[in-house]
Structure formats: C-alpha cells, structure tokens
file target-v3.pdb (PDB, C-alpha atoms, pLDDT in the B column)
ATOM      1  CA  MET A 231      89.959 122.867 108.662  1.00 59.00           C
ATOM      2  CA  LYS A 232      88.623 120.749 105.803  1.00 58.00           C
ATOM      3  CA  LYS A 233      92.132 120.384 104.369  1.00 59.00           C
ATOM      4  CA  ILE A 234      93.496 119.162 107.687  1.00 58.00           C
ATOM      5  CA  PHE A 235      90.664 116.630 108.015  1.00 50.00           C
ATOM      6  CA  ALA A 236      91.201 115.424 104.429  1.00 51.00           C
ATOM      7  CA  LEU A 237      94.960 115.035 104.981  1.00 49.00           C
ATOM      8  CA  LEU A 238      94.400 113.189 108.264  1.00 46.00           C
ATOM      9  CA  SER A 239      91.889 110.842 106.590  1.00 52.00           C
ATOM     10  CA  LEU A 240      94.281 110.151 103.728  1.00 47.00           C
ATOM     11  CA  PHE A 241      97.111 109.479 106.187  1.00 48.00           C
ATOM     12  CA  LEU A 242      94.951 106.983 108.124  1.00 45.00           C
ATOM     13  CA  VAL A 243      93.929 105.169 104.920  1.00 47.00           C
ATOM     14  CA  VAL A 244      97.575 104.836 103.860  1.00 45.00           C
ATOM     15  CA  ILE A 245      98.589 103.500 107.286  1.00 46.00           C
ATOM     16  CA  ILE A 246      95.734 100.983 107.377  1.00 46.00           C
ATOM     17  CA  GLN A 247      96.512  99.682 103.882  1.00 46.00           C
ATOM     18  CA  ALA A 248     100.248  99.477 104.616  1.00 46.00           C
ATOM     19  CA  GLN A 249      99.560  97.339 107.682  1.00 49.00           C
ATOM     20  CA  GLU A 250      97.142  94.975 105.951  1.00 75.00           C
ATOM     21  CA  LYS A 251      97.940  91.324 106.545  1.00 87.00           C
ATOM     22  CA  ILE A 252      96.801  88.012 105.174  1.00 90.00           C
ATOM     23  CA  SER A 253      93.592  86.895 106.833  1.00 90.00           C
ATOM     24  CA  LEU A 254      92.277  83.321 107.068  1.00 88.00           C
ATOM     25  CA  ASN A 255      88.662  82.819 108.103  1.00 87.00           C
ATOM     26  CA  LYS A 256      86.899  79.426 107.700  1.00 85.00           C
ATOM     27  CA  GLY A 257      87.865  78.647 104.120  1.00 87.00           C
ATOM     28  CA  GLU A 258      88.164  82.280 103.042  1.00 94.00           C
ATOM     29  CA  ILE A 259      91.496  84.009 102.420  1.00 96.00           C
ATOM     30  CA  THR A 260      92.130  87.743 102.128  1.00 96.00           C
ATOM     31  CA  ILE A 261      95.492  88.532 100.535  1.00 96.00           C
ATOM     32  CA  PRO A 262      96.825  92.089 100.203  1.00 97.00           C
ATOM     33  CA  ILE A 263      98.982  92.971  97.215  1.00 96.00           C
ATOM     34  CA  GLY A 264     102.638  91.980  97.626  1.00 96.00           C
ATOM     35  CA  LYS A 265     102.156  88.756  99.572  1.00 96.00           C
ATOM     36  CA  LYS A 266     102.989  85.084  99.035  1.00 95.00           C
ATOM     37  CA  ILE A 267     101.434  82.408 101.236  1.00 96.00           C
ATOM     38  CA  LEU A 268     101.819  78.639 101.537  1.00 96.00           C
ATOM     39  CA  LEU A 269      98.795  76.864 102.998  1.00 95.00           C
ATOM     40  CA  ASN A 270      97.834  73.428 104.259  1.00 94.00           C
ATOM     41  CA  PRO A 271      94.088  72.973 103.591  1.00 93.00           C
ATOM     42  CA  GLN A 272      91.554  71.025 105.654  1.00 93.00           C
ATOM     43  CA  PHE A 273      89.013  69.062 103.614  1.00 91.00           C
ATOM     44  CA  LYS A 274      85.471  67.868 104.105  1.00 92.00           C
ATOM     45  CA  ASN A 275      84.654  65.612 101.162  1.00 91.00           C
ATOM     46  CA  ASP A 276      86.034  67.619  98.222  1.00 91.00           C
ATOM     47  CA  LYS A 277      85.480  71.061  99.765  1.00 94.00           C
ATOM     48  CA  ILE A 278      88.199  73.012 101.524  1.00 92.00           C
ATOM     49  CA  ILE A 279      86.722  74.186 104.805  1.00 91.00           C
ATOM     50  CA  ASN A 280      89.746  75.777 106.448  1.00 92.00           C
ATOM     51  CA  PHE A 281      93.452  76.540 106.043  1.00 93.00           C
ATOM     52  CA  GLU A 282      96.557  76.423 108.176  1.00 92.00           C
ATOM     53  CA  LYS A 283      99.205  79.001 107.259  1.00 94.00           C
ATOM     54  CA  VAL A 284     102.580  77.297 106.746  1.00 94.00           C
ATOM     55  CA  LYS A 285     104.621  80.237 105.426  1.00 94.00           C
ATOM     56  CA  GLU A 286     104.131  83.893 104.501  1.00 95.00           C
ATOM     57  CA  GLU A 287     106.466  86.188 102.520  1.00 95.00           C
ATOM     58  CA  ASN A 288     106.464  89.780 101.331  1.00 96.00           C
ATOM     59  CA  ILE A 289     106.981  90.386  97.607  1.00 93.00           C
ATOM     60  CA  THR A 290     108.752  93.706  97.095  1.00 92.00           C
ATOM     61  CA  GLU A 291     109.516  93.593  93.355  1.00 93.00           C
ATOM     62  CA  LYS A 292     107.312  92.989  90.340  1.00 92.00           C
ATOM     63  CA  ILE A 293     107.215  89.340  89.294  1.00 90.00           C
ATOM     64  CA  ASP A 294     108.330  88.571  85.727  1.00 89.00           C
ATOM     65  CA  LEU A 295     105.504  86.318  84.503  1.00 87.00           C
ATOM     66  CA  PHE A 296     107.420  84.929  81.515  1.00 82.00           C
ATOM     67  CA  ASP A 297     110.426  84.100  83.672  1.00 83.00           C
ATOM     68  CA  MET A 298     108.210  82.478  86.296  1.00 79.00           C
ATOM     69  CA  MET A 299     106.395  80.309  83.715  1.00 78.00           C
ATOM     70  CA  GLU A 300     109.641  79.346  81.998  1.00 80.00           C
ATOM     71  CA  ASN A 301     111.339  78.289  85.244  1.00 80.00           C
ATOM     72  CA  PHE A 302     108.381  76.451  86.800  1.00 80.00           C
ATOM     73  CA  LYS A 303     109.240  72.793  87.393  1.00 80.00           C
ATOM     74  CA  LYS A 304     106.248  70.474  87.260  1.00 78.00           C
ATOM     75  CA  ASP A 305     106.378  67.463  89.568  1.00 79.00           C
ATOM     76  CA  ASP A 306     104.092  64.654  90.759  1.00 80.00           C
ATOM     77  CA  ILE A 307     104.003  65.611  94.439  1.00 79.00           C
ATOM     78  CA  LYS A 308     100.540  65.412  96.033  1.00 85.00           C
ATOM     79  CA  ASP A 309     101.092  66.909  99.491  1.00 91.00           C
ATOM     80  CA  ASN A 310      97.843  68.973  99.395  1.00 91.00           C
ATOM     81  CA  SER A 311      99.782  72.250  99.683  1.00 93.00           C
ATOM     82  CA  ILE A 312      98.407  75.400  98.085  1.00 95.00           C
ATOM     83  CA  GLU A 313     100.578  78.433  97.339  1.00 95.00           C
ATOM     84  CA  PHE A 314      99.191  81.833  96.372  1.00 96.00           C
ATOM     85  CA  THR A 315     101.259  84.822  95.266  1.00 95.00           C
ATOM     86  CA  PHE A 316      99.359  88.080  94.794  1.00 96.00           C
ATOM     87  CA  SER A 317     101.641  90.766  93.415  1.00 96.00           C
ATOM     88  CA  GLU A 318     102.320  93.391  90.849  1.00 95.00           C
ATOM     89  CA  ALA A 319     103.851  91.714  87.816  1.00 94.00           C
ATOM     90  CA  LYS A 320     105.328  92.513  84.449  1.00 91.00           C
ATOM     91  CA  MET A 321     104.572  90.827  81.165  1.00 82.00           C
ATOM     92  CA  MET A 322     106.940  92.072  78.492  1.00 81.00           C
ATOM     93  CA  THR A 323     106.499  95.852  78.764  1.00 84.00           C
ATOM     94  CA  SER A 324     103.091  95.792  80.481  1.00 86.00           C
ATOM     95  CA  SER A 325     102.467  96.107  84.180  1.00 92.00           C
ATOM     96  CA  VAL A 326      99.651  93.956  85.618  1.00 94.00           C
ATOM     97  CA  TYR A 327      98.355  92.614  88.919  1.00 96.00           C
ATOM     98  CA  ALA A 328      98.596  88.847  89.128  1.00 95.00           C
ATOM     99  CA  LEU A 329      97.451  85.956  91.292  1.00 96.00           C
ATOM    100  CA  LEU A 330      99.727  82.933  90.899  1.00 95.00           C
ATOM    101  CA  THR A 331      98.416  79.607  92.177  1.00 95.00           C
ATOM    102  CA  VAL A 332     100.379  76.378  92.606  1.00 94.00           C
ATOM    103  CA  GLN A 333      98.363  73.633  94.244  1.00 94.00           C
ATOM    104  CA  LYS A 334      99.342  70.002  94.783  1.00 93.00           C
ATOM    105  CA  THR A 335      96.093  68.245  95.665  1.00 92.00           C
ATOM    106  CA  GLY A 336      96.123  65.809  92.762  1.00 92.00           C
ATOM    107  CA  LYS A 337      92.826  67.288  91.501  1.00 94.00           C
ATOM    108  CA  SER A 338      91.648  70.399  89.703  1.00 95.00           C
ATOM    109  CA  MET A 339      90.674  73.165  92.137  1.00 96.00           C
ATOM    110  CA  THR A 340      87.970  75.774  91.624  1.00 96.00           C
ATOM    111  CA  PHE A 341      87.355  78.831  93.768  1.00 97.00           C
ATOM    112  CA  LYS A 342      85.761  82.244  93.604  1.00 97.00           C
ATOM    113  CA  ALA A 343      87.351  85.654  94.052  1.00 97.00           C
ATOM    114  CA  LYS A 344      86.535  89.269  94.820  1.00 97.00           C
ATOM    115  CA  ILE A 345      88.953  92.145  94.248  1.00 97.00           C
ATOM    116  CA  ARG A 346      89.180  95.551  95.893  1.00 96.00           C
ATOM    117  CA  LEU A 347      90.548  98.397  93.820  1.00 95.00           C
ATOM    118  CA  LYS A 348      92.891 100.894  95.465  1.00 93.00           C
ATOM    119  CA  GLY A 349      90.877 103.686  97.028  1.00 93.00           C
ATOM    120  CA  ASP A 350      87.660 101.623  97.079  1.00 94.00           C
ATOM    121  CA  THR A 351      86.038 100.245 100.221  1.00 93.00           C
ATOM    122  CA  GLN A 352      84.079  97.402  98.621  1.00 96.00           C
ATOM    123  CA  TYR A 353      85.101  94.117  97.004  1.00 97.00           C
ATOM    124  CA  HIS A 354      83.797  93.216  93.548  1.00 97.00           C
ATOM    125  CA  PRO A 355      83.448  89.676  92.080  1.00 97.00           C
ATOM    126  CA  THR A 356      85.927  88.668  89.402  1.00 96.00           C
ATOM    127  CA  SER A 357      86.290  85.536  87.299  1.00 94.00           C
ATOM    128  CA  ILE A 358      88.838  82.820  88.105  1.00 95.00           C
ATOM    129  CA  LEU A 359      89.565  79.752  85.971  1.00 95.00           C
ATOM    130  CA  PRO A 360      90.095  76.281  87.535  1.00 96.00           C
ATOM    131  CA  SER A 361      93.625  75.536  88.720  1.00 95.00           C
ATOM    132  CA  ALA A 362      95.165  72.190  87.683  1.00 93.00           C
ATOM    133  CA  SER A 363      97.228  70.283  90.223  1.00 93.00           C
ATOM    134  CA  ASN A 364     101.036  70.496  90.028  1.00 91.00           C
ATOM    135  CA  SER A 365     101.055  73.351  87.550  1.00 89.00           C
ATOM    136  CA  SER A 366     101.420  77.103  87.666  1.00 90.00           C
ATOM    137  CA  HIS A 367      98.158  78.974  87.188  1.00 93.00           C
ATOM    138  CA  VAL A 368      98.096  82.754  86.554  1.00 93.00           C
ATOM    139  CA  GLU A 369      95.184  85.190  86.694  1.00 95.00           C
ATOM    140  CA  GLN A 370      95.918  88.798  85.787  1.00 93.00           C
ATOM    141  CA  TRP A 371      94.180  92.162  85.850  1.00 95.00           C
ATOM    142  CA  GLN A 372      94.968  95.614  84.484  1.00 92.00           C
ATOM    143  CA  ASP A 373      93.059  97.227  87.391  1.00 92.00           C
ATOM    144  CA  ASN A 374      94.948  98.812  90.281  1.00 94.00           C
ATOM    145  CA  ILE A 375      94.087  96.235  92.976  1.00 95.00           C
ATOM    146  CA  ASP A 376      95.058  96.391  96.649  1.00 94.00           C
ATOM    147  CA  SER A 377      93.654  93.051  97.907  1.00 96.00           C
ATOM    148  CA  ILE A 378      91.785  89.925  96.899  1.00 97.00           C
ATOM    149  CA  ILE A 379      89.434  87.573  98.728  1.00 97.00           C
ATOM    150  CA  LEU A 380      89.438  83.880  97.703  1.00 97.00           C
ATOM    151  CA  TYR A 381      86.601  81.585  98.812  1.00 97.00           C
ATOM    152  CA  ASP A 382      84.349  78.581  97.950  1.00 96.00           C
ATOM    153  CA  PHE A 383      87.240  76.213  97.295  1.00 96.00           C
ATOM    154  CA  GLU A 384      86.361  72.852  95.784  1.00 95.00           C
ATOM    155  CA  LEU A 385      88.303  69.960  94.279  1.00 94.00           C
ATOM    156  CA  ASN A 386      87.048  68.278  91.106  1.00 92.00           C
TER     157      ASN A 386
END

call {"tool": "encode", "arguments": {"input": "target-v3.pdb", "output": "structure tokens"}}
result
Amino acid sequence: MKKIFALLSLFLVVIIQAQEKISLNKGEITIPIGKKILLNPQFKNDKIINFEKVKEENITEKIDLFDMMENFKKDDIKDNSIEFTFSEAKMMTSSVYALLTVQKTGKSMTFKAKIRLKGDTQYHPTSILPSASNSSHVEQWQDNIDSIILYDFELN
C-alpha cells in the first residue's frame, strides 16, 4: 500500500511540474525551467510595479552560452522591453542552469531572485547582479533548479 501511495505521489508531482507555467503577479514573475518570456513593464517612478506578457516560448534544447554571447547584437533601442530566458545551458563541456536577461529600458536594472531546486517545495534566495540596458546578462547555477521567482525590480 505504501508503494502505491509513493508512486501516486511521485506521479502527481511530475504532472504538476510538467504543467507549470509562467506566472505574473504584481511585479513578481515565476518562470519554470525551459521558458523564454518577453515582457512590457509598467513603471511607477523607477520601480516596475507590473508586467504585461508580450510573448512566451518553450526552450527544448540546452542553450549554448558562448554562442549566445558571441551572436548577441547590441543596439540603442529603448522600448522598455524585458526578455528573460530560464533554461538549461551548456558552457564548453559543463551543464548549468542559466537566466538570460536582455532589457531595453535605457537604465541599469536591479532585481531579486529566489530559486527552487527540483524535488524541493520551498524557494531560496539567490544573488543576482544588476543588468545593463541593451546588453545580454547571464546568471548561472550548478544546482538542479526547476523554477525561479524574480521580484523587486528597480531602474537605476
């Protein structure tokens, strides 16, 4: 009986994680692994108070971080868009989990983040460096992460 209950619980956890979607809630974004999202932020002074989702994509293959950095084309566009890609990635022969940020606000952007490891139920704070406008910013972890929460966005 215990084995059946354990298998049923495991099956439900897998289904719930497989169906996880991007969530936007008053300036807070939850992004599951394997997602790319383009956002249009709403500002109050220099704080981002909310987001409108413009586009969402699934990422099915590991991102090559060197290739991505090499092919990034910097421009001077200031349309206030913010793009996040949260995916498994490869750097040379290593496999990592990466958050790629491209924001075009014309200012440096700071925000906070919490990550949830696969199999865990709680989110844990992690460090994030400021993201410069019109550049590609990469944060990476060795941990096996299934989702990330981004919040407290501010322009400097």

call {"tool": "atom_distance", "arguments": {"input": "target-v3.pdb", "atom1": "CA of Ile263 in chain A", "atom2": "CA of Glu318 in chain A"}}
result
7.2 Å

call {"tool": "residues_around", "arguments": {"input": "target-v3.pdb", "residues": "range 332-349 of chain A", "least_positions_apart": "5", "cutoff": "9 Å", "atoms": "all atoms listed in the file", "output": "MDAnalysis selection string"}}
result
chainID A and resid 243 306:315 354:367 373:386

call {"tool": "atom_distance", "arguments": {"input": "target-v3.pdb", "atom1": "CA of Asn280 in chain A", "atom2": "CA of Leu329 in chain A"}}
result
19.8 Å

call {"tool": "resolve_selection", "arguments": {"input": "target-v3.pdb", "expression": "the PyMOL selection byres ((chain A and resi 265) around 8)", "output": "PyMOL selection string"}}
result
chain A and resi 252+261-264+266-267+286-289+315-317

call {"tool": "write_last_selection", "arguments": {"input": "target-v3.pdb", "atoms": "C-alpha atoms", "output": "compact mmCIF listing (two decimals), in the frame of the given file"}}
result
# COMPACT_ATOMS: atom_id res chain seq x y z
CA ILE A 252 96.80 88.01 105.17
CA ILE A 261 95.49 88.53 100.54
CA PRO A 262 96.82 92.09 100.20
CA ILE A 263 98.98 92.97 97.22
CA GLY A 264 102.64 91.98 97.63
CA LYS A 266 102.99 85.08 99.04
CA ILE A 267 101.43 82.41 101.24
CA GLU A 286 104.13 83.89 104.50
CA GLU A 287 106.47 86.19 102.52
CA ASN A 288 106.46 89.78 101.33
CA ILE A 289 106.98 90.39 97.61
CA THR A 315 101.26 84.82 95.27
CA PHE A 316 99.36 88.08 94.79
CA SER A 317 101.64 90.77 93.42

call {"tool": "closest_residue", "arguments": {"input": "target-v3.pdb", "among": "A:Val368, A:Met298, A:Ile293, A:Ile259", "to": "Ser324 in chain A", "atoms": "only C-alpha atoms"}}
result
A:Ile293

call {"tool": "closest_residue", "arguments": {"input": "target-v3.pdb", "among": "A:Lys285, A:Lys304, A:Lys277, A:Lys320", "to": "Lys256 in chain A", "atoms": "all atoms listed in the file"}}
result
A:Lys277

call {"tool": "closest_residue", "arguments": {"input": "target-v3.pdb", "among": "A:Trp371, A:Tyr353, A:Thr331, A:Asp276", "to": "Phe302 in chain A", "atoms": "only C-alpha atoms"}}
result
A:Thr331

call {"tool": "closest_residue", "arguments": {"input": "target-v3.pdb", "among": "A:Glu282, A:Asn270, A:Glu300, A:Ala319", "to": "Glu369 in chain A", "atoms": "all atoms listed in the file"}}
result
A:Ala319

call {"tool": "atom_distance", "arguments": {"input": "target-v3.pdb", "atom1": "CA of Tyr327 in chain A", "atom2": "CA of Thr351 in chain A"}}
result
18.4 Å
